[in-house]
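Below is one structure, written out as structure tokens; comments come after it.
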Amino acid sequence: MGKLVVISLFVAALSAFVGERVINLRRRTLASRKLVQTHLPNCHPIKSLEYGSEDLTILPNGLAIISTGLKDPVLPSYSDAPGKMYTLDMSEDSRMKPVELRMGRGFDLESFNPHGISVYTDETDNSVYLFVVNHPQQKTQVEIFLFVEEDHSLVYVKTIKHEFLHSVNDIVAVGVESFYATNDHYFGGGTLNTLEILLAQPWSNVVYYSPEEVKVVAEGFYMANGINISPDKRHIYVADLFDHNIHVLERLESNGLAPVKQVVEVGSLVDNIYVDPETGDLWIGCHPNGWKLFQNDPEDLPGSEVIQIKDIHSEKPVVTQVYADDGSVLIGSSVAAPYGGKLLIGTIYQKALVCDLAKVDQ
């Protein structure tokens, strides 16, 4: 009889704990949020990018580089084909057409599963290097390519693996072989990641990598996601998806990071960050309701949202909802970047969208 009481108490306690964690997860994923739509004029999908455009960056000449075909174990994927890299000329006035980047020898194309990306220009010779977070067989490694614009190709340089880079989501390059990267999970994958999401603890971190040293430089994030750098290279911005905020961190001479502030008024699940090189404004692809994103109910689609943050280093940053859709037009926005009066919006596993920014003060 005593054992039965103990078991009953244990089951009751476990049920209460799981119930409380589910309630907490629903709160962190903004499950009850009702989205008010905000559309932009002249939006149209980008052909050939129907299976995701999870991250992108735009070069000074208006050429966007886009990663496509991400396969995440907890999110849907509508193509079994390997991931690819594309460019899109944002300076063209006509309907934009993406062009696939050729990837040379020495690289395993069949297992390519690209996630976050970053570009670094070597000022000594103006060479452009593309860093790509890659998840072959759901593992994590960072690929470095040389971008040859004249040949429209990527020349494979090297692969970086390290025990500290165990669950990398995004990356920002600060040298030819050095970068900061976000680990969105404490564990490396599998069932433990699902348990970690349920527990929702601040176990996520940011790592600095160079050939000389590898170290954790910031931690205490609920799910560190997008990462980028200020135009003057003095600050790093980190998006905490489950805490709905942007962290501002100062770069130190030691390559460490010192916390400066948090922008907590975002009110959405923040994904990738694009920094306008001229204004320093942050443009963030967001998930207005993460619960819907993980549920993937075709009758209740996850929506999309783009947030702009101006004057982030001031006492009162200006946070603006630039675009919002309930999923009827765009599902699962993960990144957004402006160029030439247009806004390019990418998604985790659906299409990409380009819109006019005529109504937005850039």
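In the structure tokens, chains take letters A, B, ... by order of appearance, with residues numbered from 1 within each chain and ligands from 1 in the order shown.
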In stretch 92-282 of chain A, what's strand (DSSP E or B) per DSSP? Answer as a JSON list (two decimals) with N, CA and C atoms, in the first residue's frame?
```
[["chain", "number", "residue", "atom", "x", "y", "z"],
["A", 99, "VAL", "N", 19.92, 32.89, -58.97],
["A", 99, "VAL", "CA", 20.84, 32.07, -59.74],
["A", 99, "VAL", "C", 21.61, 31.18, -58.78],
["A", 100, "GLU", "N", 21.63, 29.89, -59.05],
["A", 100, "GLU", "CA", 22.32, 28.96, -58.17],
["A", 100, "GLU", "C", 23.82, 29.13, -58.28],
["A", 102, "ARG", "N", 27.50, 27.78, -58.26],
["A", 102, "ARG", "CA", 28.21, 26.53, -58.49],
["A", 102, "ARG", "C", 29.18, 26.30, -57.34],
["A", 103, "MET", "N", 29.24, 25.07, -56.89],
["A", 103, "MET", "CA", 30.13, 24.71, -55.79],
["A", 103, "MET", "C", 31.13, 23.67, -56.31],
["A", 114, "PRO", "N", 22.44, 23.67, -45.33],
["A", 114, "PRO", "CA", 22.89, 24.98, -44.86],
["A", 114, "PRO", "C", 21.90, 25.67, -43.93],
["A", 115, "HIS", "N", 22.47, 26.39, -42.98],
["A", 115, "HIS", "CA", 21.69, 27.11, -41.97],
["A", 115, "HIS", "C", 22.11, 28.58, -42.03],
["A", 116, "GLY", "N", 22.68, 29.13, -40.94],
["A", 116, "GLY", "CA", 23.10, 30.52, -40.96],
["A", 116, "GLY", "C", 24.31, 30.77, -41.83],
["A", 117, "ILE", "N", 24.43, 32.00, -42.35],
["A", 117, "ILE", "CA", 25.55, 32.35, -43.21],
["A", 117, "ILE", "C", 26.11, 33.72, -42.82],
["A", 118, "SER", "N", 27.34, 33.98, -43.24],
["A", 118, "SER", "CA", 27.96, 35.28, -43.03],
["A", 118, "SER", "C", 29.04, 35.49, -44.09],
["A", 119, "VAL", "N", 29.28, 36.75, -44.42],
["A", 119, "VAL", "CA", 30.29, 37.10, -45.43],
["A", 119, "VAL", "C", 31.37, 37.93, -44.77],
["A", 120, "TYR", "N", 32.63, 37.66, -45.13],
["A", 120, "TYR", "CA", 33.75, 38.46, -44.67],
["A", 120, "TYR", "C", 34.61, 38.87, -45.85],
["A", 121, "THR", "N", 34.92, 40.16, -45.95],
["A", 121, "THR", "CA", 35.77, 40.66, -47.03],
["A", 121, "THR", "C", 37.16, 40.94, -46.48],
["A", 122, "ASP", "N", 38.16, 40.27, -47.05],
["A", 122, "ASP", "CA", 39.55, 40.45, -46.65],
["A", 122, "ASP", "C", 40.06, 41.74, -47.28],
["A", 127, "SER", "N", 39.19, 39.84, -51.25],
["A", 127, "SER", "CA", 38.58, 38.52, -51.41],
["A", 127, "SER", "C", 37.36, 38.42, -50.50],
["A", 128, "VAL", "N", 36.30, 37.79, -51.00],
["A", 128, "VAL", "CA", 35.07, 37.64, -50.24],
["A", 128, "VAL", "C", 34.92, 36.18, -49.82],
["A", 129, "TYR", "N", 34.82, 35.95, -48.52],
["A", 129, "TYR", "CA", 34.67, 34.60, -47.98],
["A", 129, "TYR", "C", 33.24, 34.42, -47.45],
["A", 130, "LEU", "N", 32.66, 33.30, -47.80],
["A", 130, "LEU", "CA", 31.33, 32.96, -47.31],
["A", 130, "LEU", "C", 31.43, 31.85, -46.27],
["A", 131, "PHE", "N", 30.91, 32.13, -45.07],
["A", 131, "PHE", "CA", 30.86, 31.15, -43.99],
["A", 131, "PHE", "C", 29.44, 30.58, -43.94],
["A", 132, "VAL", "N", 29.33, 29.25, -43.90],
["A", 132, "VAL", "CA", 28.02, 28.60, -43.90],
["A", 132, "VAL", "C", 27.96, 27.57, -42.77],
["A", 133, "VAL", "N", 26.95, 27.71, -41.90],
["A", 133, "VAL", "CA", 26.69, 26.67, -40.91],
["A", 133, "VAL", "C", 26.05, 25.50, -41.64],
["A", 134, "ASN", "N", 26.61, 24.31, -41.48],
["A", 134, "ASN", "CA", 26.16, 23.13, -42.22],
["A", 134, "ASN", "C", 25.83, 22.02, -41.23],
["A", 141, "GLN", "N", 28.88, 21.68, -38.41],
["A", 141, "GLN", "CA", 30.20, 22.11, -38.82],
["A", 141, "GLN", "C", 30.06, 23.42, -39.59],
["A", 142, "VAL", "N", 31.16, 24.11, -39.74],
["A", 142, "VAL", "CA", 31.17, 25.39, -40.45],
["A", 142, "VAL", "C", 32.01, 25.24, -41.70],
["A", 143, "GLU", "N", 31.42, 25.62, -42.83],
["A", 143, "GLU", "CA", 32.13, 25.57, -44.11],
["A", 143, "GLU", "C", 32.59, 26.97, -44.49],
["A", 144, "ILE", "N", 33.80, 27.07, -45.02],
["A", 144, "ILE", "CA", 34.31, 28.35, -45.53],
["A", 144, "ILE", "C", 34.55, 28.20, -47.03],
["A", 145, "PHE", "N", 33.98, 29.14, -47.78],
["A", 145, "PHE", "CA", 34.14, 29.17, -49.24],
["A", 145, "PHE", "C", 34.71, 30.53, -49.66],
["A", 146, "LEU", "N", 35.38, 30.53, -50.78],
["A", 146, "LEU", "CA", 35.76, 31.78, -51.43],
["A", 146, "LEU", "C", 34.71, 32.07, -52.49],
["A", 147, "PHE", "N", 34.11, 33.24, -52.41],
["A", 147, "PHE", "CA", 33.07, 33.62, -53.36],
["A", 147, "PHE", "C", 33.72, 34.30, -54.56],
["A", 148, "VAL", "N", 33.55, 33.69, -55.73],
["A", 148, "VAL", "CA", 34.11, 34.23, -56.97],
["A", 148, "VAL", "C", 32.94, 34.77, -57.80],
["A", 153, "SER", "N", 30.61, 31.35, -58.52],
["A", 153, "SER", "CA", 30.90, 30.06, -57.91],
["A", 153, "SER", "C", 31.42, 30.23, -56.49],
["A", 154, "LEU", "N", 31.39, 29.13, -55.77],
["A", 154, "LEU", "CA", 31.97, 29.05, -54.44],
["A", 154, "LEU", "C", 33.11, 28.04, -54.49],
["A", 155, "VAL", "N", 34.30, 28.49, -54.11],
["A", 155, "VAL", "CA", 35.46, 27.61, -54.06],
["A", 155, "VAL", "C", 35.63, 27.14, -52.62],
["A", 156, "TYR", "N", 35.57, 25.84, -52.42],
["A", 156, "TYR", "CA", 35.68, 25.29, -51.08],
["A", 156, "TYR", "C", 37.06, 25.55, -50.49],
["A", 157, "VAL", "N", 37.08, 26.08, -49.25],
["A", 157, "VAL", "CA", 38.34, 26.38, -48.58],
["A", 157, "VAL", "C", 38.62, 25.37, -47.49],
["A", 158, "LYS", "N", 37.69, 25.24, -46.51],
["A", 158, "LYS", "CA", 37.92, 24.28, -45.43],
["A", 158, "LYS", "C", 36.64, 24.06, -44.63],
["A", 159, "THR", "N", 36.65, 23.01, -43.82],
["A", 159, "THR", "CA", 35.58, 22.69, -42.88],
["A", 159, "THR", "C", 36.11, 22.82, -41.47],
["A", 160, "ILE", "N", 35.31, 23.45, -40.61],
["A", 160, "ILE", "CA", 35.70, 23.62, -39.21],
["A", 160, "ILE", "C", 34.74, 22.84, -38.32],
["A", 168, "VAL", "N", 25.26, 24.76, -33.68],
["A", 168, "VAL", "CA", 25.37, 26.12, -34.20],
["A", 168, "VAL", "C", 24.14, 26.46, -35.05],
["A", 169, "ASN", "N", 23.61, 27.64, -34.78],
["A", 169, "ASN", "CA", 22.46, 28.15, -35.53],
["A", 169, "ASN", "C", 22.90, 29.21, -36.53],
["A", 170, "ASP", "N", 23.64, 30.20, -36.04],
["A", 170, "ASP", "CA", 24.04, 31.30, -36.91],
["A", 170, "ASP", "C", 25.48, 31.70, -36.61],
["A", 171, "ILE", "N", 26.02, 32.56, -37.47],
["A", 171, "ILE", "CA", 27.45, 32.85, -37.43],
["A", 171, "ILE", "C", 27.68, 34.26, -37.95],
["A", 172, "VAL", "N", 28.70, 34.93, -37.41],
["A", 172, "VAL", "CA", 29.13, 36.20, -37.98],
["A", 172, "VAL", "C", 30.66, 36.16, -38.07],
["A", 173, "ALA", "N", 31.16, 36.30, -39.29],
["A", 173, "ALA", "CA", 32.59, 36.21, -39.53],
["A", 173, "ALA", "C", 33.27, 37.52, -39.17],
["A", 179, "PHE", "N", 35.32, 33.72, -36.24],
["A", 179, "PHE", "CA", 33.91, 34.08, -36.21],
["A", 179, "PHE", "C", 33.34, 33.92, -34.80],
["A", 180, "TYR", "N", 32.16, 34.53, -34.60],
["A", 180, "TYR", "CA", 31.32, 34.26, -33.44],
["A", 180, "TYR", "C", 30.15, 33.41, -33.92],
["A", 181, "ALA", "N", 29.72, 32.46, -33.09],
["A", 181, "ALA", "CA", 28.62, 31.57, -33.47],
["A", 181, "ALA", "C", 27.69, 31.34, -32.29],
["A", 182, "THR", "N", 26.41, 31.19, -32.58],
["A", 182, "THR", "CA", 25.43, 30.88, -31.53],
["A", 182, "THR", "C", 25.16, 29.38, -31.50],
["A", 183, "ASN", "N", 25.18, 28.81, -30.33],
["A", 183, "ASN", "CA", 24.67, 27.45, -30.10],
["A", 183, "ASN", "C", 23.25, 27.59, -29.58],
["A", 204, "SER", "N", 21.86, 28.20, -23.42],
["A", 204, "SER", "CA", 22.42, 28.45, -24.74],
["A", 204, "SER", "C", 23.57, 29.46, -24.65],
["A", 205, "ASN", "N", 24.47, 29.47, -25.67],
["A", 205, "ASN", "CA", 25.63, 30.34, -25.55],
["A", 205, "ASN", "C", 26.14, 30.85, -26.90],
["A", 206, "VAL", "N", 27.17, 31.69, -26.81],
["A", 206, "VAL", "CA", 27.87, 32.21, -27.99],
["A", 206, "VAL", "C", 29.33, 31.81, -27.86],
["A", 207, "VAL", "N", 29.91, 31.34, -28.97],
["A", 207, "VAL", "CA", 31.29, 30.87, -28.99],
["A", 207, "VAL", "C", 32.11, 31.72, -29.94],
["A", 208, "TYR", "N", 33.35, 32.03, -29.55],
["A", 208, "TYR", "CA", 34.31, 32.66, -30.46],
["A", 208, "TYR", "C", 35.25, 31.58, -30.96],
["A", 209, "TYR", "N", 35.48, 31.58, -32.28],
["A", 209, "TYR", "CA", 36.40, 30.60, -32.88],
["A", 209, "TYR", "C", 37.46, 31.32, -33.70],
["A", 214, "VAL", "N", 39.51, 28.85, -29.07],
["A", 214, "VAL", "CA", 38.06, 28.64, -29.14],
["A", 214, "VAL", "C", 37.53, 28.74, -27.72],
["A", 215, "LYS", "N", 36.51, 29.59, -27.52],
["A", 215, "LYS", "CA", 36.02, 29.78, -26.16],
["A", 215, "LYS", "C", 34.58, 30.26, -26.16],
["A", 216, "VAL", "N", 33.88, 29.96, -25.06],
["A", 216, "VAL", "CA", 32.55, 30.50, -24.83],
["A", 216, "VAL", "C", 32.71, 31.94, -24.37],
["A", 217, "VAL", "N", 32.02, 32.87, -25.05],
["A", 217, "VAL", "CA", 32.19, 34.30, -24.74],
["A", 217, "VAL", "C", 30.92, 34.95, -24.19],
["A", 218, "ALA", "N", 29.81, 34.26, -24.28],
["A", 218, "ALA", "CA", 28.56, 34.76, -23.70],
["A", 218, "ALA", "C", 27.63, 33.58, -23.47],
["A", 219, "GLU", "N", 26.88, 33.59, -22.39],
["A", 219, "GLU", "CA", 25.95, 32.50, -22.11],
["A", 219, "GLU", "C", 24.76, 33.02, -21.32],
["A", 220, "GLY", "N", 23.84, 32.11, -21.00],
["A", 220, "GLY", "CA", 22.64, 32.52, -20.29],
["A", 220, "GLY", "C", 21.48, 32.86, -21.20],
["A", 221, "PHE", "N", 21.52, 32.39, -22.46],
["A", 221, "PHE", "CA", 20.42, 32.62, -23.40],
["A", 221, "PHE", "C", 19.45, 31.43, -23.35],
["A", 224, "ALA", "N", 19.81, 31.10, -28.10],
["A", 224, "ALA", "CA", 20.57, 32.03, -28.94],
["A", 224, "ALA", "C", 20.38, 31.65, -30.40],
["A", 225, "ASN", "N", 19.96, 32.62, -31.19],
["A", 225, "ASN", "CA", 19.61, 32.32, -32.58],
["A", 225, "ASN", "C", 20.46, 33.17, -33.52],
["A", 226, "GLY", "N", 19.87, 34.24, -34.10],
["A", 226, "GLY", "CA", 20.62, 35.06, -35.02],
["A", 226, "GLY", "C", 21.73, 35.84, -34.34],
["A", 227, "ILE", "N", 22.79, 36.14, -35.10],
["A", 227, "ILE", "CA", 23.90, 36.92, -34.58],
["A", 227, "ILE", "C", 24.45, 37.79, -35.71],
["A", 228, "ASN", "N", 24.83, 39.02, -35.36],
["A", 228, "ASN", "CA", 25.42, 39.90, -36.36],
["A", 228, "ASN", "C", 26.28, 40.95, -35.67],
["A", 229, "ILE", "N", 26.89, 41.82, -36.46],
["A", 229, "ILE", "CA", 27.86, 42.77, -35.95],
["A", 229, "ILE", "C", 27.51, 44.18, -36.39],
["A", 235, "HIS", "N", 30.35, 46.12, -31.74],
["A", 235, "HIS", "CA", 29.31, 45.43, -30.97],
["A", 235, "HIS", "C", 28.79, 44.21, -31.73],
["A", 236, "ILE", "N", 28.39, 43.24, -30.95],
["A", 236, "ILE", "CA", 27.74, 42.03, -31.47],
["A", 236, "ILE", "C", 26.29, 42.03, -31.00],
["A", 237, "TYR", "N", 25.39, 41.66, -31.90],
["A", 237, "TYR", "CA", 23.97, 41.56, -31.56],
["A", 237, "TYR", "C", 23.56, 40.09, -31.59],
["A", 238, "VAL", "N", 22.85, 39.66, -30.56],
["A", 238, "VAL", "CA", 22.40, 38.26, -30.47],
["A", 238, "VAL", "C", 20.90, 38.23, -30.23],
["A", 239, "ALA", "N", 20.19, 37.45, -31.03],
["A", 239, "ALA", "CA", 18.75, 37.27, -30.86],
["A", 239, "ALA", "C", 18.49, 36.05, -29.98],
["A", 240, "ASP", "N", 17.73, 36.27, -28.90],
["A", 240, "ASP", "CA", 17.31, 35.16, -28.03],
["A", 240, "ASP", "C", 15.86, 34.82, -28.37],
["A", 245, "ASN", "N", 14.02, 38.87, -27.23],
["A", 245, "ASN", "CA", 14.80, 40.10, -27.12],
["A", 245, "ASN", "C", 16.10, 40.03, -27.91],
["A", 246, "ILE", "N", 16.74, 41.20, -28.02],
["A", 246, "ILE", "CA", 18.03, 41.32, -28.68],
["A", 246, "ILE", "C", 19.06, 41.76, -27.64],
["A", 247, "HIS", "N", 20.15, 41.02, -27.55],
["A", 247, "HIS", "CA", 21.24, 41.37, -26.65],
["A", 247, "HIS", "C", 22.30, 42.17, -27.40],
["A", 248, "VAL", "N", 22.76, 43.25, -26.79],
["A", 248, "VAL", "CA", 23.85, 44.05, -27.34],
["A", 248, "VAL", "C", 25.08, 43.76, -26.49],
["A", 249, "LEU", "N", 26.18, 43.33, -27.14],
["A", 249, "LEU", "CA", 27.40, 42.99, -26.42],
["A", 249, "LEU", "C", 28.58, 43.72, -27.05],
["A", 250, "GLU", "N", 29.48, 44.18, -26.21],
["A", 250, "GLU", "CA", 30.66, 44.89, -26.68],
["A", 250, "GLU", "C", 31.81, 43.92, -26.92],
["A", 251, "ARG", "N", 32.50, 44.09, -28.04],
["A", 251, "ARG", "CA", 33.67, 43.26, -28.32],
["A", 251, "ARG", "C", 34.87, 43.77, -27.52],
["A", 257, "LEU", "N", 33.19, 38.98, -25.06],
["A", 257, "LEU", "CA", 32.05, 39.87, -25.21],
["A", 257, "LEU", "C", 31.57, 40.33, -23.84],
["A", 258, "ALA", "N", 31.27, 41.62, -23.72],
["A", 258, "ALA", "CA", 30.75, 42.16, -22.48],
["A", 258, "ALA", "C", 29.32, 42.65, -22.69],
["A", 259, "PRO", "N", 28.37, 42.21, -21.86],
["A", 259, "PRO", "CA", 26.98, 42.65, -22.04],
["A", 259, "PRO", "C", 26.81, 44.15, -21.85],
["A", 260, "VAL", "N", 26.03, 44.77, -22.75],
["A", 260, "VAL", "CA", 25.77, 46.20, -22.68],
["A", 260, "VAL", "C", 24.32, 46.47, -22.31],
["A", 261, "LYS", "N", 23.39, 45.82, -23.02],
["A", 261, "LYS", "CA", 21.97, 46.06, -22.79],
["A", 261, "LYS", "C", 21.16, 44.98, -23.51],
["A", 262, "GLN", "N", 19.86, 44.99, -23.23],
["A", 262, "GLN", "CA", 18.91, 44.15, -23.95],
["A", 262, "GLN", "C", 17.77, 45.03, -24.46],
["A", 263, "VAL", "N", 17.33, 44.74, -25.67],
["A", 263, "VAL", "CA", 16.13, 45.37, -26.20],
["A", 263, "VAL", "C", 15.01, 44.36, -26.02],
["A", 269, "LEU", "N", 9.21, 36.09, -31.55],
["A", 269, "LEU", "CA", 10.31, 35.13, -31.47],
["A", 269, "LEU", "C", 11.34, 35.51, -32.54],
["A", 270, "VAL", "N", 12.44, 36.11, -32.07],
["A", 270, "VAL", "CA", 13.42, 36.71, -32.97],
["A", 270, "VAL", "C", 14.35, 35.65, -33.56],
["A", 271, "ASP", "N", 14.52, 35.71, -34.87],
["A", 271, "ASP", "CA", 15.36, 34.73, -35.58],
["A", 271, "ASP", "C", 16.62, 35.44, -36.06],
["A", 272, "ASN", "N", 16.86, 35.50, -37.36],
["A", 272, "ASN", "CA", 18.10, 36.06, -37.88],
["A", 272, "ASN", "C", 18.08, 37.59, -37.90],
["A", 273, "ILE", "N", 19.26, 38.18, -37.76],
["A", 273, "ILE", "CA", 19.44, 39.63, -37.72],
["A", 273, "ILE", "C", 20.23, 40.08, -38.94],
["A", 274, "TYR", "N", 19.70, 41.08, -39.65],
["A", 274, "TYR", "CA", 20.47, 41.74, -40.70],
["A", 274, "TYR", "C", 20.72, 43.17, -40.24],
["A", 275, "VAL", "N", 21.96, 43.64, -40.37],
["A", 275, "VAL", "CA", 22.31, 45.00, -39.96],
["A", 275, "VAL", "C", 22.55, 45.84, -41.20],
["A", 282, "LEU", "N", 18.71, 47.42, -37.26],
["A", 282, "LEU", "CA", 18.58, 45.97, -37.25],
["A", 282, "LEU", "C", 17.25, 45.59, -37.90]]
```
Tell me, as a short mmCIF file (atom, residue, chain, number, x, y, z; two decimals) with N, CA and C atoms, in the first residue's frame, which residues lie within 8 Å of stretch 298-303 of chain A, counting only C-alpha atoms; anything in the same chain fewer than 2 positions away does not count.
```
data_model
loop_
_atom_site.label_atom_id
_atom_site.label_comp_id
_atom_site.auth_asym_id
_atom_site.auth_seq_id
_atom_site.Cartn_x
_atom_site.Cartn_y
_atom_site.Cartn_z
N HIS A 287 9.10 35.08 -35.70
CA HIS A 287 7.97 34.15 -35.68
C HIS A 287 6.96 34.69 -34.66
N PRO A 288 5.84 35.21 -35.12
CA PRO A 288 4.88 35.83 -34.19
C PRO A 288 4.23 34.83 -33.24
N ASN A 289 4.19 33.55 -33.64
CA ASN A 289 3.59 32.52 -32.80
C ASN A 289 4.37 31.22 -33.02
N GLY A 290 5.34 30.98 -32.13
CA GLY A 290 6.19 29.81 -32.26
C GLY A 290 5.47 28.50 -32.04
N LYS A 292 2.53 27.68 -33.13
CA LYS A 292 2.01 27.27 -34.44
C LYS A 292 3.13 26.75 -35.34
N LEU A 293 4.32 27.34 -35.21
CA LEU A 293 5.45 26.90 -36.04
C LEU A 293 5.80 25.45 -35.74
N ASN A 296 2.70 23.00 -36.81
CA ASN A 296 2.59 22.82 -38.26
C ASN A 296 1.22 22.28 -38.66
N GLU A 305 6.72 37.70 -39.47
CA GLU A 305 6.81 39.06 -38.97
C GLU A 305 8.22 39.59 -39.19
N ALA A 324 3.75 41.91 -41.22
CA ALA A 324 3.16 40.82 -40.45
C ALA A 324 2.11 40.13 -41.29
N ASP A 325 2.15 38.80 -41.30
CA ASP A 325 1.18 38.02 -42.06
C ASP A 325 0.81 36.78 -41.26
N ASP A 326 -0.44 36.35 -41.37
CA ASP A 326 -0.94 35.22 -40.57
C ASP A 326 -0.63 33.86 -41.16
N GLY A 327 0.17 33.80 -42.21
CA GLY A 327 0.52 32.54 -42.86
C GLY A 327 -0.20 32.33 -44.17
N SER A 328 -1.16 33.19 -44.47
CA SER A 328 -1.88 33.06 -45.74
C SER A 328 -0.99 33.46 -46.92
N LEU A 330 2.80 34.18 -46.24
CA LEU A 330 4.18 33.77 -45.94
C LEU A 330 4.23 33.03 -44.61
N ILE A 331 4.93 31.87 -44.62
CA ILE A 331 5.01 31.01 -43.45
C ILE A 331 6.44 30.99 -42.91
N GLY A 332 6.60 31.26 -41.62
CA GLY A 332 7.88 31.02 -40.95
C GLY A 332 9.02 31.92 -41.36
N SER A 333 8.80 33.24 -41.36
CA SER A 333 9.88 34.16 -41.73
C SER A 333 11.05 34.03 -40.77
#
```
| DSSP-assigned alpha helix (DSSP H) members of stretch 167-210 of chain A, reported as a PyMOL selection string | chain A and resi 191-199
| Neighbour list for A:Ile65 as a list in words, cut-off 8 Å, only C-alpha atoms, skip fewer than 5 positions in-chain | Leu56, Thr57, Ile58, Leu59, Met85, Tyr86, Thr87 and Leu88 of chain A
| request: Counting only C-alpha atoms, figure out which residue out of A:Lys139, A:Val306, A:Ser178, A:Ser230 gets nearest to A:Asn255. | output: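 For A:Asn255, the nearest of the candidates is A:Ser178.
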| Which of these, A:Ser53, A:Ser167, A:Asn61, A:Ser314, has the shortest distance to A:Ile345 once you count only C-alpha atoms? |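 Closest candidate: A:Ser53.
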| request: Compile the contact shell of stretch 348-350 of chain A as a ChimeraX atom specification: residues with an atom at most 10 Å away, counting only C-alpha atoms, same-chain residues fewer than 5 positions apart removed. | output: /A:49-55,67-72,75-79,115,271,330-335
| said: Which residues are near A:Tyr222? Cut-off 10 Å, only C-alpha atoms, ignore same chain within fewer than 4 positions. Put them as a list in words. | reply: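 Non-adjacent residues within range: Arg28, Asp184, His185, Tyr186, Glu196, Ile197, Leu199, Ala200, Gln201, Pro202, Trp203, Ser204, Asn205, Ala239, Asp240, Leu241, Phe242, Asp243 and His244 of chain A.
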Can you tell me, as an mmCIF file with N, CA, C and O atoms, in the first residue's frame, what residues are no more than 8 Å from A:Ile46 when counting only C-alpha atoms, ignoring any on the same chain fewer than 2 positions away?
```
data_model
loop_
_atom_site.group_PDB
_atom_site.id
_atom_site.type_symbol
_atom_site.label_atom_id
_atom_site.label_comp_id
_atom_site.auth_asym_id
_atom_site.auth_seq_id
_atom_site.Cartn_x
_atom_site.Cartn_y
_atom_site.Cartn_z
ATOM 1 N N HIS A 44 5.830 40.002 -54.045
ATOM 2 C CA HIS A 44 5.720 38.834 -54.920
ATOM 3 C C HIS A 44 6.778 37.803 -54.527
ATOM 4 O O HIS A 44 7.859 38.159 -54.052
ATOM 5 N N SER A 48 11.960 29.745 -57.755
ATOM 6 C CA SER A 48 13.079 28.820 -57.511
ATOM 7 C C SER A 48 13.510 28.774 -56.046
ATOM 8 O O SER A 48 14.435 28.047 -55.699
ATOM 9 N N LEU A 49 12.841 29.528 -55.178
ATOM 10 C CA LEU A 49 13.160 29.486 -53.754
ATOM 11 C C LEU A 49 11.956 29.004 -52.958
ATOM 12 O O LEU A 49 11.560 29.598 -51.965
ATOM 13 N N GLU A 50 11.365 27.899 -53.404
ATOM 14 C CA GLU A 50 10.142 27.392 -52.780
ATOM 15 C C GLU A 50 10.402 26.539 -51.546
ATOM 16 O O GLU A 50 9.475 26.202 -50.813
ATOM 17 N N MET A 96 12.938 39.781 -60.144
ATOM 18 C CA MET A 96 14.216 39.209 -59.743
ATOM 19 C C MET A 96 14.224 37.700 -59.935
ATOM 20 O O MET A 96 13.261 37.012 -59.623
ATOM 21 N N LYS A 97 15.354 37.189 -60.417
ATOM 22 C CA LYS A 97 15.497 35.761 -60.662
ATOM 23 C C LYS A 97 16.752 35.253 -59.957
ATOM 24 O O LYS A 97 17.865 35.702 -60.265
ATOM 25 N N PRO A 98 16.603 34.330 -59.001
ATOM 26 C CA PRO A 98 17.783 33.804 -58.314
ATOM 27 C C PRO A 98 18.619 32.905 -59.229
ATOM 28 O O PRO A 98 18.086 32.250 -60.125
ATOM 29 N N LYS A 351 8.621 29.762 -49.220
ATOM 30 C CA LYS A 351 9.129 30.651 -50.260
ATOM 31 C C LYS A 351 9.792 31.892 -49.680
ATOM 32 O O LYS A 351 9.701 32.171 -48.482
ATOM 33 N N ALA A 352 10.458 32.643 -50.550
ATOM 34 C CA ALA A 352 10.972 33.968 -50.211
ATOM 35 C C ALA A 352 10.078 35.006 -50.860
ATOM 36 O O ALA A 352 9.427 34.745 -51.879
ATOM 37 N N LEU A 353 10.046 36.197 -50.256
ATOM 38 C CA LEU A 353 9.145 37.245 -50.710
ATOM 39 C C LEU A 353 9.933 38.547 -50.832
ATOM 40 O O LEU A 353 10.802 38.833 -50.004
ATOM 41 N N VAL A 354 9.625 39.321 -51.866
ATOM 42 C CA VAL A 354 10.207 40.651 -51.989
ATOM 43 C C VAL A 354 9.063 41.664 -52.087
ATOM 44 O O VAL A 354 8.075 41.433 -52.784
#
```
